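A.B. asks: Enclosed is the structure file upload-v8.cif (mmCIF, C-alpha atoms).
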```
data_structure
loop_
_atom_site.group_PDB
_atom_site.id
_atom_site.type_symbol
_atom_site.label_atom_id
_atom_site.label_comp_id
_atom_site.auth_asym_id
_atom_site.auth_seq_id
_atom_site.Cartn_x
_atom_site.Cartn_y
_atom_site.Cartn_z
ATOM 1 C CA MET A 1 5.367 3.784 -7.530
ATOM 2 C CA ASN A 2 1.590 4.162 -7.639
ATOM 3 C CA SER A 3 0.713 7.751 -8.528
ATOM 4 C CA ARG A 4 -2.989 7.105 -7.774
ATOM 5 C CA SER A 5 -2.068 6.620 -4.102
ATOM 6 C CA HIS A 6 0.422 9.541 -4.166
ATOM 7 C CA GLY A 7 3.248 7.057 -3.595
ATOM 8 C CA LEU A 8 1.746 5.712 -0.360
ATOM 9 C CA GLU A 9 2.079 1.930 -0.199
ATOM 10 C CA GLU A 10 0.850 0.872 3.248
ATOM 11 C CA LEU A 11 -0.580 2.098 6.527
ATOM 12 C CA ASP A 12 2.626 1.262 8.373
ATOM 13 C CA HIS A 13 2.109 2.218 12.021
ATOM 14 C CA LEU A 14 0.143 4.353 14.456
ATOM 15 C CA LEU A 15 1.769 7.195 16.360
ATOM 16 C CA THR A 16 0.205 7.236 19.828
ATOM 17 C CA TYR A 17 0.951 10.190 22.083
ATOM 18 C CA VAL A 18 1.482 9.322 25.747
ATOM 19 C CA SER A 19 2.092 11.745 28.578
ATOM 20 C CA ASP A 20 4.310 9.335 30.541
ATOM 21 C CA LEU A 21 6.321 6.858 28.466
ATOM 22 C CA ASP A 22 7.179 4.621 31.422
ATOM 23 C CA ALA A 23 3.546 4.363 32.525
ATOM 24 C CA ALA A 24 2.447 3.717 28.952
ATOM 25 C CA GLY A 25 4.959 0.904 28.617
ATOM 26 C CA THR A 26 3.625 -0.694 31.788
ATOM 27 C CA ALA A 27 0.034 -0.345 30.537
ATOM 28 C CA PHE A 28 0.798 -2.097 27.252
ATOM 29 C CA GLU A 29 2.730 -4.838 29.005
ATOM 30 C CA ARG A 30 -0.406 -5.490 31.114
ATOM 31 C CA LEU A 31 -2.209 -6.091 27.806
ATOM 32 C CA GLY A 32 0.327 -8.768 26.913
ATOM 33 C CA PHE A 33 2.546 -6.850 24.495
ATOM 34 C CA ARG A 34 6.330 -6.897 24.376
ATOM 35 C CA LEU A 35 7.934 -3.473 23.823
ATOM 36 C CA THR A 36 11.270 -2.319 22.474
ATOM 37 C CA PRO A 37 13.632 -0.370 24.756
ATOM 38 C CA VAL A 38 13.230 3.399 25.006
ATOM 39 C CA SER A 39 14.745 5.225 22.045
ATOM 40 C CA HIS A 40 15.430 8.948 21.708
ATOM 41 C CA ILE A 41 15.286 11.136 18.624
ATOM 42 C CA THR A 42 17.359 13.833 20.299
ATOM 43 C CA THR A 43 17.214 16.337 17.448
ATOM 44 C CA MET A 44 13.408 16.395 17.690
ATOM 45 C CA GLY A 45 13.126 16.178 21.488
ATOM 46 C CA ILE A 46 11.037 13.015 21.446
ATOM 47 C CA ALA A 47 11.321 9.480 22.848
ATOM 48 C CA ASN A 48 9.426 6.329 21.993
ATOM 49 C CA ARG A 49 8.853 2.637 22.560
ATOM 50 C CA LEU A 50 7.439 0.332 19.910
ATOM 51 C CA VAL A 51 5.133 -2.672 19.828
ATOM 52 C CA LEU A 52 6.520 -4.395 16.722
ATOM 53 C CA MET A 53 4.431 -6.910 14.806
ATOM 54 C CA ARG A 54 4.605 -8.761 11.504
ATOM 55 C CA PRO A 55 4.482 -6.599 8.352
ATOM 56 C CA ARG A 56 1.679 -7.175 5.890
ATOM 57 C CA THR A 57 3.429 -5.596 2.869
ATOM 58 C CA PRO A 58 7.036 -6.132 1.717
ATOM 59 C CA GLY A 59 9.255 -3.179 2.657
ATOM 60 C CA ALA A 60 6.861 -1.939 5.339
ATOM 61 C CA ALA A 61 6.900 -2.376 9.105
ATOM 62 C CA ASN A 62 3.846 -2.935 11.312
ATOM 63 C CA PHE A 63 3.658 -1.518 14.807
ATOM 64 C CA ILE A 64 2.219 0.723 17.482
ATOM 65 C CA GLU A 65 4.476 3.631 18.407
ATOM 66 C CA LEU A 66 4.187 5.063 21.916
ATOM 67 C CA MET A 67 5.715 8.536 21.740
ATOM 68 C CA GLY A 68 6.376 11.087 24.480
ATOM 69 C CA VAL A 69 8.089 14.451 24.776
ATOM 70 C CA ALA A 70 11.643 14.385 26.141
ATOM 71 C CA ASP A 71 12.637 18.015 25.393
ATOM 72 C CA ALA A 72 9.796 20.343 24.408
ATOM 73 C CA SER A 73 12.237 23.047 23.289
ATOM 74 C CA ARG A 74 13.401 20.821 20.415
ATOM 75 C CA LEU A 75 9.987 19.765 19.092
ATOM 76 C CA PRO A 76 9.506 20.664 15.403
ATOM 77 C CA PRO A 77 6.439 22.917 14.977
ATOM 78 C CA PRO A 78 4.325 20.190 13.272
ATOM 79 C CA MET A 79 4.918 17.906 16.283
ATOM 80 C CA ARG A 80 3.920 20.376 18.997
ATOM 81 C CA GLU A 81 0.211 19.969 18.401
ATOM 82 C CA VAL A 82 0.516 16.240 17.703
ATOM 83 C CA LEU A 83 2.297 15.569 21.012
ATOM 84 C CA SER A 84 -0.146 17.409 23.262
ATOM 85 C CA GLY A 85 -3.654 17.186 24.650
ATOM 86 C CA SER A 86 -5.255 13.878 25.500
ATOM 87 C CA GLN A 87 -3.454 10.589 25.028
ATOM 88 C CA GLY A 88 -4.214 8.400 22.025
ATOM 89 C CA ILE A 89 -3.499 7.971 18.338
ATOM 90 C CA LYS A 90 -2.381 11.250 16.814
ATOM 91 C CA SER A 91 -1.242 10.182 13.342
ATOM 92 C CA MET A 92 -1.288 7.314 10.870
ATOM 93 C CA VAL A 93 2.168 6.843 9.391
ATOM 94 C CA MET A 94 2.152 5.717 5.766
ATOM 95 C CA MET A 95 5.070 3.841 4.217
ATOM 96 C CA THR A 96 6.565 4.919 0.917
ATOM 97 C CA ALA A 97 9.530 3.511 -0.986
ATOM 98 C CA ASP A 98 10.625 7.020 -2.036
ATOM 99 C CA ALA A 99 9.893 9.948 0.272
ATOM 100 C CA GLN A 100 11.117 12.564 -2.211
ATOM 101 C CA ALA A 101 8.853 11.271 -4.972
ATOM 102 C CA ALA A 102 5.907 10.940 -2.584
ATOM 103 C CA HIS A 103 6.471 14.508 -1.431
ATOM 104 C CA ARG A 104 6.374 15.791 -5.010
ATOM 105 C CA MET A 105 3.104 13.967 -5.663
ATOM 106 C CA LEU A 106 1.481 14.999 -2.392
ATOM 107 C CA ALA A 107 2.578 18.643 -2.605
ATOM 108 C CA GLY A 108 1.481 18.782 -6.245
ATOM 109 C CA ALA A 109 -1.959 17.538 -5.233
ATOM 110 C CA GLY A 110 -2.269 20.242 -2.564
ATOM 111 C CA TYR A 111 -1.343 18.325 0.585
ATOM 112 C CA PRO A 112 0.764 20.842 2.586
ATOM 113 C CA PHE A 113 3.825 18.715 3.371
ATOM 114 C CA VAL A 114 7.267 20.272 3.687
ATOM 115 C CA PRO A 115 10.165 18.273 2.172
ATOM 116 C CA PRO A 116 11.177 15.115 4.046
ATOM 117 C CA SER A 117 13.624 15.169 6.955
ATOM 118 C CA HIS A 118 16.288 12.500 7.380
ATOM 119 C CA VAL A 119 16.330 10.967 10.871
ATOM 120 C CA ARG A 120 18.833 8.619 12.468
ATOM 121 C CA ARG A 121 18.211 7.424 16.003
ATOM 122 C CA GLU A 122 19.713 5.004 18.475
ATOM 123 C CA TRP A 123 18.239 1.844 19.937
ATOM 124 C CA ALA A 124 20.414 0.764 22.846
ATOM 125 C CA ILE A 125 19.652 -2.951 23.169
ATOM 126 C CA PRO A 126 20.549 -4.418 26.575
ATOM 127 C CA GLY A 127 23.360 -6.936 26.259
ATOM 128 C CA GLU A 128 23.891 -6.223 22.558
ATOM 129 C CA GLY A 129 24.876 -2.579 22.104
ATOM 130 C CA SER A 130 23.235 -0.083 19.792
ATOM 131 C CA VAL A 131 21.584 -0.168 16.376
ATOM 132 C CA TRP A 132 20.685 2.915 14.364
ATOM 133 C CA PRO A 133 17.373 2.993 12.490
ATOM 134 C CA GLU A 134 17.351 5.569 9.687
ATOM 135 C CA PHE A 135 14.386 6.929 7.784
ATOM 136 C CA ASP A 136 13.093 9.913 5.838
ATOM 137 C CA VAL A 137 9.896 11.363 7.244
ATOM 138 C CA LEU A 138 7.248 13.804 6.093
ATOM 139 C CA LEU A 139 5.972 15.366 9.295
ATOM 140 C CA PRO A 140 2.206 15.366 9.972
ATOM 141 C CA VAL A 141 -0.152 17.798 8.258
ATOM 142 C CA PRO A 142 -3.738 18.708 9.163
ATOM 143 C CA ALA A 143 -6.330 16.286 7.777
ATOM 144 C CA PRO A 144 -9.670 14.856 8.946
ATOM 145 C CA LEU A 145 -7.440 12.224 10.565
ATOM 146 C CA THR A 146 -3.843 13.434 10.770
ATOM 147 C CA PHE A 147 -1.308 11.397 8.810
ATOM 148 C CA ASN A 148 2.326 11.489 7.761
ATOM 149 C CA VAL A 149 4.765 9.487 5.654
ATOM 150 C CA CYS A 150 7.940 7.449 6.239
ATOM 151 C CA GLN A 151 10.601 5.829 4.032
ATOM 152 C CA TYR A 152 12.790 3.242 5.777
ATOM 153 C CA HIS A 153 16.480 2.746 5.061
ATOM 154 C CA ASN A 154 16.954 -0.348 7.274
ATOM 155 C CA VAL A 155 13.490 -1.800 7.817
ATOM 156 C CA ASP A 156 15.079 -5.130 8.839
ATOM 157 C CA LEU A 157 15.637 -3.646 12.315
ATOM 158 C CA TYR A 158 11.846 -3.573 12.793
ATOM 159 C CA VAL A 159 11.348 -7.296 12.148
ATOM 160 C CA ARG A 160 13.631 -8.958 14.702
ATOM 161 C CA GLU A 161 11.981 -12.233 15.647
ATOM 162 C CA ASP A 162 12.534 -11.706 19.385
ATOM 163 C CA TRP A 163 10.598 -8.426 19.323
ATOM 164 C CA LEU A 164 7.757 -9.953 17.287
ATOM 165 C CA ALA A 165 6.950 -12.578 19.950
ATOM 166 C CA HIS A 166 4.220 -11.244 22.274
ATOM 167 C CA PRO A 167 2.752 -13.054 25.296
ATOM 168 C CA ASN A 168 -0.731 -12.187 23.986
ATOM 169 C CA THR A 169 0.132 -13.796 20.586
ATOM 170 C CA ALA A 170 -0.272 -10.481 18.703
ATOM 171 C CA ARG A 171 0.549 -10.941 15.023
ATOM 172 C CA SER A 172 -0.260 -7.716 13.156
ATOM 173 C CA LEU A 173 -1.900 -4.331 13.312
ATOM 174 C CA VAL A 174 -4.745 -4.823 10.835
ATOM 175 C CA ALA A 175 -6.720 -1.583 11.154
ATOM 176 C CA ALA A 176 -6.718 1.960 12.444
ATOM 177 C CA ILE A 177 -10.175 2.924 13.702
ATOM 178 C CA GLY A 178 -11.848 6.332 13.484
ATOM 179 C CA VAL A 179 -15.236 7.734 14.445
ATOM 180 C CA ALA A 180 -17.090 10.467 12.575
ATOM 181 C CA ALA A 181 -20.375 12.296 12.722
ATOM 182 C CA ASP A 182 -20.685 11.415 9.021
ATOM 183 C CA ALA A 183 -18.444 8.428 8.315
ATOM 184 C CA LYS A 184 -19.053 8.343 4.559
ATOM 185 C CA THR A 185 -18.074 11.989 4.160
ATOM 186 C CA ALA A 186 -15.051 11.659 6.448
ATOM 187 C CA VAL A 187 -13.646 8.692 4.558
ATOM 188 C CA ALA A 188 -13.968 10.505 1.198
ATOM 189 C CA TYR A 189 -10.738 12.436 1.969
ATOM 190 C CA PHE A 190 -8.853 9.140 2.186
ATOM 191 C CA GLU A 191 -10.498 7.761 -0.940
ATOM 192 C CA ARG A 192 -8.883 10.658 -2.808
ATOM 193 C CA LEU A 193 -5.572 10.239 -0.956
ATOM 194 C CA PHE A 194 -5.318 6.486 -1.611
ATOM 195 C CA GLY A 195 -6.898 6.575 -5.080
ATOM 196 C CA MET A 196 -9.511 3.961 -4.336
ATOM 197 C CA ALA A 197 -13.130 3.673 -3.217
ATOM 198 C CA ALA A 198 -14.045 2.790 0.351
ATOM 199 C CA VAL A 199 -16.211 -0.257 1.074
ATOM 200 C CA CYS A 200 -18.916 -0.261 3.748
ATOM 201 C CA GLY A 201 -18.631 -3.404 5.866
ATOM 202 C CA GLU A 202 -21.422 -5.397 7.481
ATOM 203 C CA ASP A 203 -20.695 -3.663 10.805
ATOM 204 C CA GLY A 204 -21.233 -0.214 9.261
ATOM 205 C CA GLY A 205 -17.563 0.749 9.098
ATOM 206 C CA TYR A 206 -16.172 2.342 5.923
ATOM 207 C CA VAL A 207 -12.918 0.619 4.941
ATOM 208 C CA VAL A 208 -10.133 2.059 2.767
ATOM 209 C CA SER A 209 -6.368 1.487 2.519
ATOM 210 C CA PRO A 210 -3.365 2.005 0.239
ATOM 211 C CA GLY A 211 -2.202 -1.532 1.124
ATOM 212 C CA ARG A 212 -3.415 -4.329 3.383
ATOM 213 C CA THR A 213 -3.690 -2.560 6.752
ATOM 214 C CA GLU A 214 -6.981 -0.715 6.798
ATOM 215 C CA LEU A 215 -8.443 2.563 7.929
ATOM 216 C CA VAL A 216 -11.988 1.913 9.175
ATOM 217 C CA VAL A 217 -14.278 4.860 9.971
ATOM 218 C CA TYR A 218 -17.519 4.318 11.904
ATOM 219 C CA GLY A 219 -20.429 6.470 12.857
ATOM 220 C CA ALA A 220 -20.922 6.701 16.623
ATOM 221 C CA GLU A 221 -23.835 4.238 16.718
ATOM 222 C CA ALA A 222 -22.036 1.584 14.651
ATOM 223 C CA PHE A 223 -18.874 2.062 16.713
ATOM 224 C CA GLU A 224 -20.661 1.560 20.022
ATOM 225 C CA ALA A 225 -22.530 -1.491 18.724
ATOM 226 C CA ARG A 226 -19.300 -3.222 17.687
ATOM 227 C CA PHE A 227 -16.971 -2.252 20.514
ATOM 228 C CA GLY A 228 -19.285 -1.910 23.497
ATOM 229 C CA VAL A 229 -17.738 1.370 24.653
ATOM 230 C CA SER A 230 -18.750 4.988 24.197
ATOM 231 C CA ALA A 231 -17.562 6.638 21.005
ATOM 232 C CA PRO A 232 -14.990 9.398 21.546
ATOM 233 C CA ARG A 233 -16.152 12.939 20.963
ATOM 234 C CA ALA A 234 -15.092 14.167 17.533
ATOM 235 C CA GLY A 235 -14.509 17.881 18.026
ATOM 236 C CA SER A 236 -14.057 18.550 14.303
ATOM 237 C CA GLY A 237 -16.468 15.837 13.223
ATOM 238 C CA VAL A 238 -13.953 12.974 13.062
ATOM 239 C CA ALA A 239 -11.462 11.500 15.541
ATOM 240 C CA TYR A 240 -9.150 8.552 16.031
ATOM 241 C CA ALA A 241 -10.641 5.918 18.318
ATOM 242 C CA GLY A 242 -8.230 2.989 18.351
ATOM 243 C CA MET A 243 -6.899 -0.029 16.511
ATOM 244 C CA ARG A 244 -7.570 -3.651 15.598
ATOM 245 C CA ILE A 245 -4.903 -6.277 16.331
ATOM 246 C CA ALA A 246 -4.895 -9.807 14.871
ATOM 247 C CA VAL A 247 -3.726 -12.467 17.337
ATOM 248 C CA GLY A 248 -2.965 -16.158 17.134
ATOM 249 C CA ASP A 249 -4.916 -17.180 20.246
ATOM 250 C CA LEU A 250 -7.868 -15.211 21.623
ATOM 251 C CA GLY A 251 -7.991 -17.520 24.625
ATOM 252 C CA ARG A 252 -4.460 -16.478 25.547
ATOM 253 C CA VAL A 253 -5.430 -12.801 25.249
ATOM 254 C CA ALA A 254 -8.444 -13.346 27.493
ATOM 255 C CA ALA A 255 -6.349 -15.163 30.095
ATOM 256 C CA ILE A 256 -3.699 -12.420 30.251
ATOM 257 C CA LEU A 257 -6.268 -9.643 30.522
ATOM 258 C CA ALA A 258 -8.234 -11.494 33.208
ATOM 259 C CA GLY A 259 -5.046 -12.251 35.130
ATOM 260 C CA ASN A 260 -4.093 -8.582 35.092
ATOM 261 C CA GLY A 261 -7.567 -7.351 36.026
ATOM 262 C CA VAL A 262 -8.183 -5.603 32.691
ATOM 263 C CA PRO A 263 -11.907 -5.223 31.898
ATOM 264 C CA VAL A 264 -13.060 -6.151 28.381
ATOM 265 C CA SER A 265 -16.088 -5.753 26.101
ATOM 266 C CA GLY A 266 -16.860 -6.255 22.413
ATOM 267 C CA ALA A 267 -19.298 -7.988 20.104
ATOM 268 C CA SER A 268 -16.873 -9.360 17.490
ATOM 269 C CA GLY A 269 -13.621 -9.735 19.400
ATOM 270 C CA ILE A 270 -12.036 -8.836 22.738
ATOM 271 C CA VAL A 271 -12.080 -5.079 23.302
ATOM 272 C CA VAL A 272 -9.993 -3.109 25.797
ATOM 273 C CA GLY A 273 -11.146 0.424 26.536
ATOM 274 C CA PRO A 274 -9.224 3.709 26.423
ATOM 275 C CA ARG A 275 -8.580 3.835 30.172
ATOM 276 C CA GLU A 276 -6.438 0.693 29.919
ATOM 277 C CA ALA A 277 -4.752 1.507 26.583
ATOM 278 C CA CYS A 278 -3.580 5.137 26.827
ATOM 279 C CA GLY A 279 -6.647 6.673 25.226
ATOM 280 C CA ASN A 280 -7.155 3.962 22.599
ATOM 281 C CA VAL A 281 -9.744 1.272 22.071
ATOM 282 C CA ILE A 282 -7.935 -1.949 21.136
ATOM 283 C CA GLU A 283 -9.906 -4.770 19.565
ATOM 284 C CA PHE A 284 -8.207 -8.178 19.485
ATOM 285 C CA VAL A 285 -9.472 -10.468 16.707
ATOM 286 C CA LYS A 286 -8.476 -13.957 15.597
ATOM 287 C CA GLN A 287 -5.900 -13.897 12.818
ATOM 288 C CA THR A 288 -7.343 -15.192 9.561
#
```
Do you think you could lay out the structure here as structure tokens?
C.D. replies:
Amino acid sequence: MNSRSHGLEELDHLLTYVSDLDAAGTAFERLGFRLTPVSHITTMGIANRLVLMRPRTPGAANFIELMGVADASRLPPPMREVLSGSQGIKSMVMMTADAQAAHRMLAGAGYPFVPPSHVRREWAIPGEGSVWPEFDVLLPVPAPLTFNVCQYHNVDLYVREDWLAHPNTARSLVAAIGVAADAKTAVAYFERLFGMAAVCGEDGGYVVSPGRTELVVYGAEAFEARFGVSAPRAGSGVAYAGMRIAVGDLGRVAAILAGNGVPVSGASGIVVGPREACGNVIEFVKQT
């Protein structure tokens, strides 16, 4: 386990808060994604659907998580703020092979995580019965961009071939995207967290990651130049803006979006705006 990265091995998935899980599922299907059935974590009062894609690091998953509130009275305190307000990404979830060890490293370095919770939840799969994903999770803590940590106990459930086949040819989540008033300063927090220096790309985005899936933080001007949409307001100086998805066929993406009347923009790929993607900008790029 890499102590420089505090035991964090990959940016595994993005927790996206949605106010209406059914409507969010329909919105993502219009974008050409296939979603898992609704699943409930009853003990926490939450429900979700996943857009599963191909992992980029062994032992990790790779997906977008659409999460809504099913029973507000059961929400753990750290989740009450996360699952509220405007829709959109609310946390990056980092994968670790050992949640207890990662907790010791993170807490020792001053990150205010409480010990991990063990979660077991049901996926009722039509025509097949139920499977039970299990994981240990460190619930989100305040940060320039909120993040939390997950250790899987049966990650194979997240890589079923039938759930990885998307009409829009989506292959992998390759980046979480943030916007900051001062991108270089904002990304410095994650340089310390991941134990590595960020790199400034040709498009002005600062890139850093504990694995292969990246966090990219832009200033507002660089963001708007690349994506062709207005940068979200960063109330505390930095905010999540969206995600980058690698696909096998950009022409297929364009055809699905056009057929469903979804407007697009973008200078380097095909960009869908936050109105169509539950508060997120989604950039589709050709898989390399």
A.B. asks: If we count only C-alpha atoms and set the cut-off at 8 Å, which residues sit around Pro133 of chain A, ignoring sequence neighbours fewer than 2 positions away in its own chain? Please answer as an MDAnalysis selection string.
C.D. replies: chainID A and resid 120:123 131 135 153:155 157
A.B. asks: Identify which of the residues A:Val179, A:Ile89, A:Ile256, A:Val51 lies closest to Pro37 of chain A, counting all atoms listed in the file when measuring atom-to-atom distances.
C.D. replies: A:Val51
A.B. asks: Just want the 12 Å neighbourhood of Ser39 of chain A, counted on only C-alpha atoms, with same-chain residues fewer than 3 positions away dropped. Output as a list in words.
C.D. replies: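 The residues that qualify are Leu21, Leu35, Thr36, Thr42, Gly45, Ile46, Ala47, Asn48, Arg49, Leu50, Glu65, Leu66, Met67, Gly68, Val69, Ala70, Arg120, Arg121, Glu122, Trp123, Ala124, Ile125, Ser130, Val131, Trp132 and Pro133 of chain A.
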A.B. asks: Could you tell me which residues the PyMOL selection byres ((chain A and resi 32) around 6) returns for this structure, as a list in words?
C.D. replies: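 For this structure, the PyMOL selection byres ((chain A and resi 32) around 6) captures Glu29, Arg30, Leu31, Phe33, Pro167 and Asn168 of chain A.
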A.B. asks: Select, from A:Ala239, A:Asn148, A:Asp71, A:Ser230, the residue with the minimum atom-to-atom distance to Val187 of chain A, counting only C-alpha atoms.
C.D. replies: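 Smallest distance to Val187 of chain A is found for A:Ala239.
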A.B. asks: Expressed in Å to a single decimal, how great is the separation between atom CA of Thr185 of chain A and atom CA of Ala107 of chain A?
C.D. replies: 22.7 Å
A.B. asks: So that I can see what lies close to Arg104 of chain A, please list as an MDAnalysis selection string the residues with an atom at most 12 Å from it, counting only C-alpha atoms and leaving out residues fewer than 2 positions away in the same chain.
C.D. replies: chainID A and resid 3 6:7 98:102 106:116 138
A.B. asks: Include C-alpha atoms and write out the residues we just selected as an mmCIF file, keeping the file's coordinate frame.
C.D. replies:
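Once written, part-v3.cif looks like this:
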```
data_model
loop_
_atom_site.group_PDB
_atom_site.id
_atom_site.type_symbol
_atom_site.label_atom_id
_atom_site.label_comp_id
_atom_site.auth_asym_id
_atom_site.auth_seq_id
_atom_site.Cartn_x
_atom_site.Cartn_y
_atom_site.Cartn_z
ATOM 1 C CA SER A 3 0.713 7.751 -8.528
ATOM 2 C CA HIS A 6 0.422 9.541 -4.166
ATOM 3 C CA GLY A 7 3.248 7.057 -3.595
ATOM 4 C CA ASP A 98 10.625 7.020 -2.036
ATOM 5 C CA ALA A 99 9.893 9.948 0.272
ATOM 6 C CA GLN A 100 11.117 12.564 -2.211
ATOM 7 C CA ALA A 101 8.853 11.271 -4.972
ATOM 8 C CA ALA A 102 5.907 10.940 -2.584
ATOM 9 C CA LEU A 106 1.481 14.999 -2.392
ATOM 10 C CA ALA A 107 2.578 18.643 -2.605
ATOM 11 C CA GLY A 108 1.481 18.782 -6.245
ATOM 12 C CA ALA A 109 -1.959 17.538 -5.233
ATOM 13 C CA GLY A 110 -2.269 20.242 -2.564
ATOM 14 C CA TYR A 111 -1.343 18.325 0.585
ATOM 15 C CA PRO A 112 0.764 20.842 2.586
ATOM 16 C CA PHE A 113 3.825 18.715 3.371
ATOM 17 C CA VAL A 114 7.267 20.272 3.687
ATOM 18 C CA PRO A 115 10.165 18.273 2.172
ATOM 19 C CA PRO A 116 11.177 15.115 4.046
ATOM 20 C CA LEU A 138 7.248 13.804 6.093
#
```
A.B. asks: Considering all atoms listed in the file, can you say which of A:Val281, A:Met94, A:Leu257, A:Ala241 comes closest to Ser5 of chain A?
C.D. replies: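 Of the candidates, the smallest distance to Ser5 of chain A is held by A:Met94.
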A.B. asks: Apply the PyMOL selection byres ((chain A and resi 272) around 10) to the displayed file and report the matching residues as a compact mmCIF listing (two decimals) with C-alpha atoms, in the coordinates of the input.
C.D. replies:
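Once written, selection.txt looks like this:
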```
# COMPACT_ATOMS: atom_id res chain seq x y z
CA LEU A 31 -2.21 -6.09 27.81
CA PHE A 227 -16.97 -2.25 20.51
CA GLY A 228 -19.28 -1.91 23.50
CA VAL A 229 -17.74 1.37 24.65
CA GLY A 242 -8.23 2.99 18.35
CA LEU A 257 -6.27 -9.64 30.52
CA VAL A 262 -8.18 -5.60 32.69
CA PRO A 263 -11.91 -5.22 31.90
CA VAL A 264 -13.06 -6.15 28.38
CA SER A 265 -16.09 -5.75 26.10
CA GLY A 266 -16.86 -6.26 22.41
CA GLY A 269 -13.62 -9.74 19.40
CA ILE A 270 -12.04 -8.84 22.74
CA VAL A 271 -12.08 -5.08 23.30
CA GLY A 273 -11.15 0.42 26.54
CA PRO A 274 -9.22 3.71 26.42
CA ARG A 275 -8.58 3.84 30.17
CA GLU A 276 -6.44 0.69 29.92
CA ALA A 277 -4.75 1.51 26.58
CA ASN A 280 -7.16 3.96 22.60
CA VAL A 281 -9.74 1.27 22.07
CA ILE A 282 -7.94 -1.95 21.14
CA GLU A 283 -9.91 -4.77 19.57
CA PHE A 284 -8.21 -8.18 19.48
```
A.B. asks: Record the distance separating atom CA of Thr146 of chain A and atom CA of Glu134 of chain A, expressed in Å with one decimal.
C.D. replies: 22.6 Å
A.B. asks: For atom CA of Val137 of chain A and atom CA of Arg74 of chain A, determine how far apart the two atoms are, in Å to one decimal place.
C.D. replies: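 Atom CA of Arg74 of chain A lies 16.6 Å from atom CA of Val137 of chain A.
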A.B. asks: Using only C-alpha atoms, which protein or nucleic acid residues come within 8 Å of Glu214 of chain A? Drop anything in the same chain fewer than 3 positions from it, and give the result as an MDAnalysis selection string.
C.D. replies: chainID A and resid 11 174:176 207:211
A.B. asks: Just the selected residues (C-alpha atoms), exported as an mmCIF file, in the coordinates of the input, please.
C.D. replies:
```
data_model
loop_
_atom_site.group_PDB
_atom_site.id
_atom_site.type_symbol
_atom_site.label_atom_id
_atom_site.label_comp_id
_atom_site.auth_asym_id
_atom_site.auth_seq_id
_atom_site.Cartn_x
_atom_site.Cartn_y
_atom_site.Cartn_z
ATOM 1 C CA LEU A 11 -0.580 2.098 6.527
ATOM 2 C CA VAL A 174 -4.745 -4.823 10.835
ATOM 3 C CA ALA A 175 -6.720 -1.583 11.154
ATOM 4 C CA ALA A 176 -6.718 1.960 12.444
ATOM 5 C CA VAL A 207 -12.918 0.619 4.941
ATOM 6 C CA VAL A 208 -10.133 2.059 2.767
ATOM 7 C CA SER A 209 -6.368 1.487 2.519
ATOM 8 C CA PRO A 210 -3.365 2.005 0.239
ATOM 9 C CA GLY A 211 -2.202 -1.532 1.124
#
```
A.B. asks: Would you please work out which residue, of A:Met53, A:Gln87, A:Pro142, A:Ala220, is nearest to Val159 of chain A when using all atoms listed in the file?
C.D. replies: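 Of A:Met53, A:Gln87, A:Pro142, A:Ala220, the one nearest Val159 of chain A, counting all atoms listed in the file, is A:Met53.
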A.B. asks: Rank A:Val217, A:Ala225, A:Leu8, A:Cys278 by their smallest atom-to-atom distance to Phe147 of chain A, using only C-alpha atoms, and report the top residue only.
C.D. replies: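 For Phe147 of chain A, the nearest of the candidates is A:Leu8.
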A.B. asks: Using 4 Å of padding on each side, determine the axis-aligned box around all atoms of segment 47-61 of chain A present in the file and give its centre and edge lengths in Å to one decimal, as lines of an AutoDock Vina configuration file.
C.D. replies:
```
center_x = 6.5
center_y = 0.4
center_z = 12.3
size_x = 17.6
size_y = 26.2
size_z = 29.1
```
A.B. asks: Considering all atoms listed in the file, return as a ChimeraX atom specification whatever protein or nucleic-acid residues lie within 12 Å of Glu202 of chain A, sequence-local ones (same chain, fewer than 4 positions apart) excluded.
C.D. replies: /A:206-207,218,222,225-226,268
A.B. asks: Name the closest residue to Glu9 of chain A among the candidates A:Val82, A:Ala180, A:Leu75, A:Val149; distances are taken between atoms, counting only C-alpha atoms.
C.D. replies: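 The closest residue to Glu9 of chain A is A:Val149.
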